[in-house]
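Here the structure is laid out as structure tokens; the discussion comes afterwards.
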Amino acid sequence: MESDSGALNFRKDWVVQKYGGTSIGKFPNEIANIICSELKRNRLAVVCSARSSGIKAEGTTTKLLKAAAEAAKSNPPAYKSIVTSILDDHIQAAIPNLRSPNLLANLTVEFERETRDLMKYLTAADTLGEVSPRTLDIIISKGEILSCYFIASLLQDRGLDAYVIDLSSIRTVEAPTGDINQGFYEDYAEALRPVFLESGDRIPVVTGFFGPVPGGLLSHVGRGYTDLCAALVAISLGASELQILKEVEGIYSADPRKVPTARLLSTITPSEAAELTFYGSEVIHPFTMEQVIRESIPIRIRNVTNPSGTGTTILPDSLEASASKNITSARLPTPPAFRSRKSGINGTLTNRAKRPTAVTVKNRILVINLRSNKRTSSRGFLERTFAILDKWRLSVDLIASSEVNVSLAFYCHRELVRGDGERRHIVDIDLRGAVDEMARLGAVGLVDEMAIVSLVGQEMKNMVGISGAMLSVLGKHNINIEMISQGASEINISCVVDQRDADRAMSIIHTNLFTFLE
Ligand SMILES: Nc1ncnc2c1ncn2[C@@H]1O[C@H](COP(=O)(O)OP(=O)(O)O)[C@@H](O)[C@H]1O
Ligand SMILES: N[C@@H](CC(=O)OP(=O)(O)O)C(=O)O
């Protein structure tokens with residue numbers, strides 16, 4: 001018989017659990033409990049993000065970014081005090097959570113060593129007066145390293161054989177240059193394999209940071225990179241499941257903070273999850289899905305404070321087909337308003353009423369409306385518009401176009417426009433450059449402080465009239481629509497509305513188009 005102690009661990013499946021920074025900051029003991037209980041069923045690799053004691057915007061990664069900015073300005077008192085506060089935070093978090101004085105002393109030594117190393121990079125950046133993408137990556141990687149030492153000590157304090165794996169120095173087969181592409185991820189997952197071969201029966205506690213990445217991890221993947229890192233770990237281990245533990249029960253039919261009637265979804269497809277996360281429901285980093293799903297590894301979102309909750313599973317299509325019986329019964333009944341296009345043709349589909357899966361909102365949207373001066377053909381007009389966007393590194397979230405008109409919606413990662421009313425002006429160099437060039441193609445208009453409202457659902461491709469229903473319900477409630485777009489995938493219908501109306505739009509759509517029958 002298999003023992004809980006791990007003696008026959010080789011028989012168990014690998015499961016990868018990823019813990020976010022706020023979970024590590026607020027619920028370290030809950031994390032240790034979940035790990036202990038998961039180990040009874042599976043082999044476990046634990047991937048940790050950098051600690052945040054309150055909100056992520058004030059957590060360790062954010063502090064490290066501030067320290068790097070201060071180093072670039074050659075301001076030693078500022079970055080030294082940030083490093084001291086990071087070290088203190090970690091020590092203060094460890095004191096009440098570790099029973100063993102020896103473990104606490106060893107952990108403090110690790111914390112001090114890593115923060116000394118951090119200071120070396122900050123001082124170098126100070127001397128050079130700049131922080132290269134590579135140096136910035138090394139600086140932020142310290143957040144995940146400190147966090148891993150903390151969690152590994154917590155597990156050791158409970159008698160578990162946990163040890164830290166630092167992925168920040170793992171190199172891919174090919175030295176990475178240029179853009180990150182699928183080949184890079186595959187090489188990376190392959191390069192991780194030997195790292196885990198050495199773990200034996202121990203529990204690897206892995207940094208949710210991977211490097212080195214061409215051009216820098218932050219610019220290519222962005223904040224929230226630990227989900228993607230955990231996905232690559234899951235692939236390299238051939239894990240049976242990737243679990244992402246959060247402070248939310250799972251993925252809901254709308255943001256549960258804003259729509260109290262939103263329902264927890266027991267399963268969703270990878271494409272739905274990707275659309276939802278890209279369009280504002282940032283429960284998981286949008287790049288994560290593609291990697292894990294390629295390998296048919298399910299992703300489960302679970303609540304760190306509710307270990308018995310089943311959460312939401314993002315199920316690869318192949319697995320969904322084989323589990324369709326369970327899913328159909330797990331999915332909520334659908335409203336009668338929309339029927340499959342195939343109604344009456346295919347027996348199994350005939351009675352399968354359709355409904356959207358979720359509605360989501362993405363704020364901070366700027367729309368550029370460009371009306372062609374008709375001196376170029378419509379094909380030439382669109383071609384030149386896209387060449388301008390490419391040149392000025394603007395990536396579009398949503399497009400709507402006709403022969404002479406194109407509307408482009410952008411997410412404002414940074415401040416693009418400033419001022420009020422007549423004094424509103426573009427402050428971003430790339431946007432200014434693009435708008436100036438577009439003005440040669442036709443009349444340009446800008447509308448900012450907008451939001452994208454997206455209706456997402458795999459079944460929507462068979463729902464006749466769903467776009468019309470969405471627009472008419474918004475119209476009925478006096479919500480003005482700036483632009484409309486239905487994605488090529490047919491699983492997303494999006495429109496742009498004034499940001500002030502966005503949450504109301506989400507609620508109205510949820511109330512009117514998602515009828516949950518008990
Ligand atoms: N459809 C959705 N389902 C679940 N959460 C959503 C959805 N849309 C937006 N959210 C928000 O995403 C957040 C994700 O959970 P949380 O673990 O608190 O985030 P963080 O990554 O900041 O730690 C929640 O605050 C939740 O309100
Ligand atoms: N620590 C990084 C990476 C990350 O994924 O964070 P989290 O898992 O807490 O969202 C960040 O703050 O962006």
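The way I read the labels, and the way they are meant: chains A, B, ... in the order of the structure tokens, residue 1 as the first residue of every chain, and ligand 1 as the first ligand shown, with later ones counted on from there.
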**OP:** Would you list the contacts of Leu107 (chain A) as an MDAnalysis selection string, taking every protein, DNA or RNA residue within 7 Å and counting only C-alpha atoms, but skipping same-chain residues closer than 4 positions in sequence?
**Re:** chainID A and resid 103 111 149 153
Would you save the residues from that selection as a compact mmCIF listing (two decimals), in the first residue's frame, using C-alpha atoms?
# COMPACT_ATOMS: atom_id res chain seq x y z
CA LEU A 103 15.15 27.24 11.18
CA PHE A 111 17.33 36.47 3.65
CA TYR A 149 13.03 30.33 1.35
CA SER A 153 11.25 26.81 5.98
Subject >> Expected selection as a PyMOL selection string for ligand 2 within 9 Å, only C-alpha atoms and all ligand atoms >> reply: chain A and resi 18-24+48-52+56-57+59-62+140-141+143-144+208-209+218+222-229+244+246+283-285
**OP:** Find, counting only C-alpha atoms, the residue in A:Leu64, A:Ala434, A:Met470, A:Ile479 that gets nearest to Ala387 (chain A).
**Re:**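 Under the stated criterion, the closest residue is A:Ala434.
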Original post:
Contacts of Ile299 (chain A) at 7 Å or less, counting only C-alpha atoms, minus same-chain residues fewer than 4 places along, as a PyMOL selection string?
Top reply: chain A and resi 241-243+313-315
For those residues, write N, CA and C atoms to a file as a PDB file, in the first residue's frame.
ATOM      1  N   GLU A 241      -1.986  17.892 -13.020  1.00  0.00           N
ATOM      2  CA  GLU A 241      -2.819  19.090 -12.830  1.00  0.00           C
ATOM      3  C   GLU A 241      -1.929  20.257 -12.404  1.00  0.00           C
ATOM      4  N   LEU A 242      -2.302  21.436 -12.876  1.00  0.00           N
ATOM      5  CA  LEU A 242      -1.684  22.668 -12.365  1.00  0.00           C
ATOM      6  C   LEU A 242      -2.743  23.368 -11.528  1.00  0.00           C
ATOM      7  N   GLN A 243      -2.440  23.569 -10.256  1.00  0.00           N
ATOM      8  CA  GLN A 243      -3.407  24.261  -9.388  1.00  0.00           C
ATOM      9  C   GLN A 243      -2.900  25.676  -9.120  1.00  0.00           C
ATOM     10  N   THR A 313     -12.130  24.446 -13.085  1.00  0.00           N
ATOM     11  CA  THR A 313     -11.109  23.740 -13.863  1.00  0.00           C
ATOM     12  C   THR A 313     -11.142  24.217 -15.309  1.00  0.00           C
ATOM     13  N   ILE A 314      -9.975  24.606 -15.811  1.00  0.00           N
ATOM     14  CA  ILE A 314      -9.840  24.945 -17.233  1.00  0.00           C
ATOM     15  C   ILE A 314      -9.410  23.653 -17.902  1.00  0.00           C
ATOM     16  N   LEU A 315     -10.344  23.093 -18.651  1.00  0.00           N
ATOM     17  CA  LEU A 315     -10.158  21.733 -19.144  1.00  0.00           C
ATOM     18  C   LEU A 315      -9.782  21.730 -20.614  1.00  0.00           C
TER      19      LEU A 315
END
Original post:
Closest to ligand 1 among A:Asn462, A:Ser485, A:Ser377, A:Asn303, using only C-alpha atoms and all ligand atoms?
Top reply: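 Closest to ligand 1, using only C-alpha atoms and all ligand atoms: A:Asn303.
Using only C-alpha atoms and all ligand atoms, the shortest contact distance between ligand 1 and any of A:Glu249, A:Glu459, A:Glu275, A:Asp430 is found at A:Glu249.
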Original post:
Where does DSSP see strand (DSSP E or B) in region 55-228 of chain A, if you list the residues as an MDAnalysis selection string?
Top reply: chainID A and resid 162:165 203:207
Original post:
atom 26 (C, counted along the ligand's line) of ligand 1 to CA of Val453 (chain A): how many Å, to one decimal?
Top reply: 15.7 Å
Subject >> Filtered DSSP result for region 427-510 of chain A, state alpha helix (DSSP H), as JSON, numbers by chain >> reply: {"A": [429, 430, 431, 432, 433, 434, 435, 436, 437, 438, 466, 467, 468, 469, 470, 471, 472, 473, 474, 475, 476, 502, 503, 504, 505, 506, 507, 508, 509, 510]}
Original post:
Using only C-alpha atoms and all ligand atoms, which of A:Glu272, A:Glu403, A:Asp498, A:Glu482 sits nearest ligand 1?
Top reply: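 Among the listed residues, A:Glu272 lies closest to ligand 1.
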